[in-house]
Amino acid sequence: MGRVSRTFKLKLSPAGVELFLDCHCRLGHLVNELLPFGNTLYCALLHLECVDTRIIADDLKTLRESGLAGERVCFVGAPLSLTEATSRLADRLGPAAQRRGPAALNSRLFIVALKQFRLASPEAIMTAYDEMLVQAGDCLKVGKTLRVRRSELSPIGQ
């Protein structure tokens with residue numbers, strides 16, 4: 001079996017790290033589980049796919065002023081299929097957003113996704129979480145309770 005996960009790079013300010021931790025804590029509380037950080041990033045990106053493209057583009061334009069991006073390099077392990085979500089978002093945003101290259105866009109999209117995730121309703125977060133359980137399948141590192149939930153959502157692994 002090939003590689004099913006990889007490490008994703010985020011360049012955050014201290015405020016960006018706090019944002020990530022806030023989102024991670026909120027997701028953990030909502031699902032009542034201890035989760036890998038990659039699950040939070042994955043859910044945030046899936047939620048961002050439901051956000052209007054104009055809002056995403058505006059957040060990308062004002063990212064520098066938001067104080068969330070910075071020089072602190074953080075690495076988060078997540079299922080390789082997370083790259084499909086970033087590709088779909090890049091396609092929606094068009095070539096103008098991709099002019100600095102896919103790696104730069106991905107790093108910026110991660111922060112925008114976390115920013116929007118913090119604003120999301122509990123229902124929207126749970127919808128993104130359930131979608132992650134379906135999309136990432138057996139590549140996720142989740143406990144027994146969430147494996148049962150995943151099997152109820154999708155025929156994966158049956």
# chains A, B, ... in the order shown; residues from 1 in each chain; ligands from 1
$ select_by_dssp --residues "region 16-45 of chain A" --states "alpha helix (DSSP H)" --output "MDAnalysis selection string"
chainID A and resid 16:31 37:45
$ residues_around --residues "Glu18 (chain A)" --least-positions-apart "5" --cutoff "12 Å" --atoms "only C-alpha atoms" --output "PyMOL selection string"
chain A and resi 12-13+23-25+67-69+111+114-115+118
$ residues_around --residues "region 80-89 of chain A" --least-positions-apart "5" --cutoff "6 Å" --atoms "only C-alpha atoms" --output "JSON, numbers by chain"
{"A": [4, 5, 6]}
$ write_last_selection --atoms "N, CA and C atoms" --output "mmCIF file, in the first residue's frame"
data_model
loop_
_atom_site.group_PDB
_atom_site.id
_atom_site.type_symbol
_atom_site.label_atom_id
_atom_site.label_comp_id
_atom_site.auth_asym_id
_atom_site.auth_seq_id
_atom_site.Cartn_x
_atom_site.Cartn_y
_atom_site.Cartn_z
ATOM 1 N N VAL A 4 -0.330 7.127 2.529
ATOM 2 C CA VAL A 4 -1.705 7.597 2.698
ATOM 3 C C VAL A 4 -1.776 8.936 3.420
ATOM 4 N N SER A 5 -0.629 9.400 3.946
ATOM 5 C CA SER A 5 -0.624 10.690 4.615
ATOM 6 C C SER A 5 0.658 11.429 4.262
ATOM 7 N N ARG A 6 0.659 12.701 4.571
ATOM 8 C CA ARG A 6 1.842 13.509 4.359
ATOM 9 C C ARG A 6 1.834 14.659 5.338
#
$ residues_around --residues "Gly38 (chain A)" --least-positions-apart "3" --cutoff "6 Å" --atoms "only C-alpha atoms" --output "ChimeraX atom specification"
/A:41,76-78
$ write_last_selection --atoms "all heavy atoms" --output "PDB file, in the first residue's frame"
ATOM      1  N   LEU A  41      -7.248  20.579  10.363  1.00  0.00           N
ATOM      2  CA  LEU A  41      -6.917  21.235   9.108  1.00  0.00           C
ATOM      3  C   LEU A  41      -7.792  20.711   7.972  1.00  0.00           C
ATOM      4  O   LEU A  41      -8.312  21.480   7.164  1.00  0.00           O
ATOM      5  CB  LEU A  41      -5.432  21.034   8.781  1.00  0.00           C
ATOM      6  CG  LEU A  41      -4.906  21.766   7.557  1.00  0.00           C
ATOM      7  CD1 LEU A  41      -5.076  23.273   7.705  1.00  0.00           C
ATOM      8  CD2 LEU A  41      -3.441  21.404   7.327  1.00  0.00           C
ATOM      9  N   VAL A  76       1.889  19.790  10.015  1.00  0.00           N
ATOM     10  CA  VAL A  76       0.721  19.039  10.441  1.00  0.00           C
ATOM     11  C   VAL A  76       0.570  17.830   9.521  1.00  0.00           C
ATOM     12  O   VAL A  76       0.553  17.986   8.298  1.00  0.00           O
ATOM     13  CB  VAL A  76      -0.549  19.928  10.365  1.00  0.00           C
ATOM     14  CG1 VAL A  76      -1.782  19.139  10.723  1.00  0.00           C
ATOM     15  CG2 VAL A  76      -0.408  21.148  11.261  1.00  0.00           C
ATOM     16  N   GLY A  77       0.463  16.654  10.114  1.00  0.00           N
ATOM     17  CA  GLY A  77       0.252  15.448   9.331  1.00  0.00           C
ATOM     18  C   GLY A  77      -1.229  15.244   9.072  1.00  0.00           C
ATOM     19  O   GLY A  77      -2.053  15.438   9.962  1.00  0.00           O
ATOM     20  N   ALA A  78      -1.566  14.906   7.849  1.00  0.00           N
ATOM     21  CA  ALA A  78      -2.965  14.689   7.472  1.00  0.00           C
ATOM     22  C   ALA A  78      -3.015  13.711   6.303  1.00  0.00           C
ATOM     23  O   ALA A  78      -2.011  13.493   5.615  1.00  0.00           O
ATOM     24  CB  ALA A  78      -3.625  16.013   7.080  1.00  0.00           C
TER      25      ALA A  78
END
$ select_by_dssp --residues "region 49-142 of chain A" --states "strand (DSSP E or B)" --output "tab-separated table (two decimals) with N, CA and C atoms, in the first residue's frame"
chain	number	residue	atom	x	y	z
A	69	ALA	N	-0.69	35.14	9.45
A	69	ALA	CA	0.46	34.54	8.76
A	69	ALA	C	1.73	35.06	9.42
A	72	ARG	N	6.63	31.55	11.81
A	72	ARG	CA	6.71	30.30	12.57
A	72	ARG	C	6.22	29.16	11.67
A	73	VAL	N	7.11	28.22	11.40
A	73	VAL	CA	6.78	27.09	10.53
A	73	VAL	C	6.24	25.95	11.39
A	74	CYS	N	5.04	25.52	11.06
A	74	CYS	CA	4.39	24.42	11.77
A	74	CYS	C	4.06	23.34	10.76
A	75	PHE	N	4.26	22.10	11.15
A	75	PHE	CA	3.98	20.97	10.27
A	75	PHE	C	2.84	20.16	10.86
A	76	VAL	N	1.89	19.79	10.01
A	76	VAL	CA	0.72	19.04	10.44
A	76	VAL	C	0.57	17.83	9.52
A	77	GLY	N	0.46	16.65	10.11
A	77	GLY	CA	0.25	15.45	9.33
A	77	GLY	C	-1.23	15.24	9.07
A	78	ALA	N	-1.57	14.91	7.85
A	78	ALA	CA	-2.97	14.69	7.47
A	78	ALA	C	-3.01	13.71	6.30
A	79	PRO	N	-4.20	13.14	6.07
A	79	PRO	CA	-4.34	12.24	4.92
A	79	PRO	C	-3.97	12.95	3.62
$ closest_atom_pairs --of "region 43-109 of chain A" --to "region 120-141 of chain A" --cutoff "6 Å" --atoms "only C-alpha atoms" --output "CSV"
residue,atom,partner,partner_atom,distance
A:Cys43,CA,A:Ala128,CA,5.3
A:Leu46,CA,A:Ala128,CA,5.6
A:His47,CA,A:Ala128,CA,5.3
A:Pro79,CA,A:Cys139,CA,5.9
$ write_last_selection --atoms "N, CA and C atoms" --output "short mmCIF file (atom, residue, chain, number, x, y, z; two decimals), in the first residue's frame"
data_model
loop_
_atom_site.label_atom_id
_atom_site.label_comp_id
_atom_site.auth_asym_id
_atom_site.auth_seq_id
_atom_site.Cartn_x
_atom_site.Cartn_y
_atom_site.Cartn_z
N CYS A 43 -10.80 19.30 8.16
CA CYS A 43 -12.18 19.79 8.34
C CYS A 43 -12.31 21.25 7.95
N LEU A 46 -12.46 21.47 4.21
CA LEU A 46 -13.76 21.01 3.70
C LEU A 46 -14.84 22.05 3.97
N HIS A 47 -14.77 22.68 5.12
CA HIS A 47 -15.73 23.76 5.40
C HIS A 47 -15.51 24.93 4.43
N PRO A 79 -4.20 13.14 6.07
CA PRO A 79 -4.34 12.24 4.92
C PRO A 79 -3.97 12.95 3.62
#
$ atom_distance --atom1 "CA of Ser107 (chain A)" --atom2 "CA of Glu33 (chain A)"
26.5 Å
$ atom_distance --atom1 "CA of Glu71 (chain A)" --atom2 "CA of Leu10 (chain A)"
9.2 Å
$ atom_distance --atom1 "CA of Leu63 (chain A)" --atom2 "CA of Arg108 (chain A)"
7.6 Å
$ residues_around --residues "Leu119 (chain A)" --least-positions-apart "6" --cutoff "12 Å" --atoms "only C-alpha atoms" --output "list in words"
Leu19, Asp22, Cys23, Arg26, Ala44, His47, Leu48, Val51, Val112, Ala113 and Ile125 of chain A
$ write_last_selection --atoms "N, CA and C atoms" --output "mmCIF file, in the first residue's frame"
data_model
loop_
_atom_site.group_PDB
_atom_site.id
_atom_site.type_symbol
_atom_site.label_atom_id
_atom_site.label_comp_id
_atom_site.auth_asym_id
_atom_site.auth_seq_id
_atom_site.Cartn_x
_atom_site.Cartn_y
_atom_site.Cartn_z
ATOM 1 N N LEU A 19 -5.091 30.726 16.667
ATOM 2 C CA LEU A 19 -6.253 30.415 15.827
ATOM 3 C C LEU A 19 -6.359 28.912 15.608
ATOM 4 N N ASP A 22 -7.376 27.171 18.806
ATOM 5 C CA ASP A 22 -8.797 27.428 19.096
ATOM 6 C C ASP A 22 -9.694 26.524 18.251
ATOM 7 N N CYS A 23 -9.387 26.427 16.960
ATOM 8 C CA CYS A 23 -10.182 25.581 16.060
ATOM 9 C C CYS A 23 -10.077 24.113 16.460
ATOM 10 N N ARG A 26 -12.055 23.489 19.657
ATOM 11 C CA ARG A 26 -13.502 23.523 19.383
ATOM 12 C C ARG A 26 -13.963 22.237 18.697
ATOM 13 N N ALA A 44 -11.318 22.044 8.328
ATOM 14 C CA ALA A 44 -11.357 23.468 7.984
ATOM 15 C C ALA A 44 -11.376 23.663 6.471
ATOM 16 N N HIS A 47 -14.766 22.683 5.116
ATOM 17 C CA HIS A 47 -15.726 23.761 5.400
ATOM 18 C C HIS A 47 -15.512 24.931 4.433
ATOM 19 N N LEU A 48 -14.251 25.250 4.151
ATOM 20 C CA LEU A 48 -13.960 26.372 3.255
ATOM 21 C C LEU A 48 -14.549 26.141 1.865
ATOM 22 N N VAL A 51 -17.762 27.885 1.538
ATOM 23 C CA VAL A 51 -17.752 29.335 1.688
ATOM 24 C C VAL A 51 -17.711 29.978 0.301
ATOM 25 N N VAL A 112 -6.682 30.801 5.807
ATOM 26 C CA VAL A 112 -8.032 31.287 5.506
ATOM 27 C C VAL A 112 -9.066 30.248 5.951
ATOM 28 N N ALA A 113 -8.773 28.976 5.715
ATOM 29 C CA ALA A 113 -9.696 27.909 6.122
ATOM 30 C C ALA A 113 -9.884 27.920 7.636
ATOM 31 N N ILE A 125 -19.549 22.794 11.217
ATOM 32 C CA ILE A 125 -18.337 22.070 11.596
ATOM 33 C C ILE A 125 -18.595 20.570 11.580
#
$ closest_residue --among "A:Phe20, A:Tyr42, A:Ala97, A:Ala15" --to "Arg54 (chain A)" --atoms "only C-alpha atoms"
A:Ala97
$ closest_residue --among "A:Leu109, A:Gly28, A:Ala96, A:Thr62" --to "Leu45 (chain A)" --atoms "only C-alpha atoms"
A:Leu109
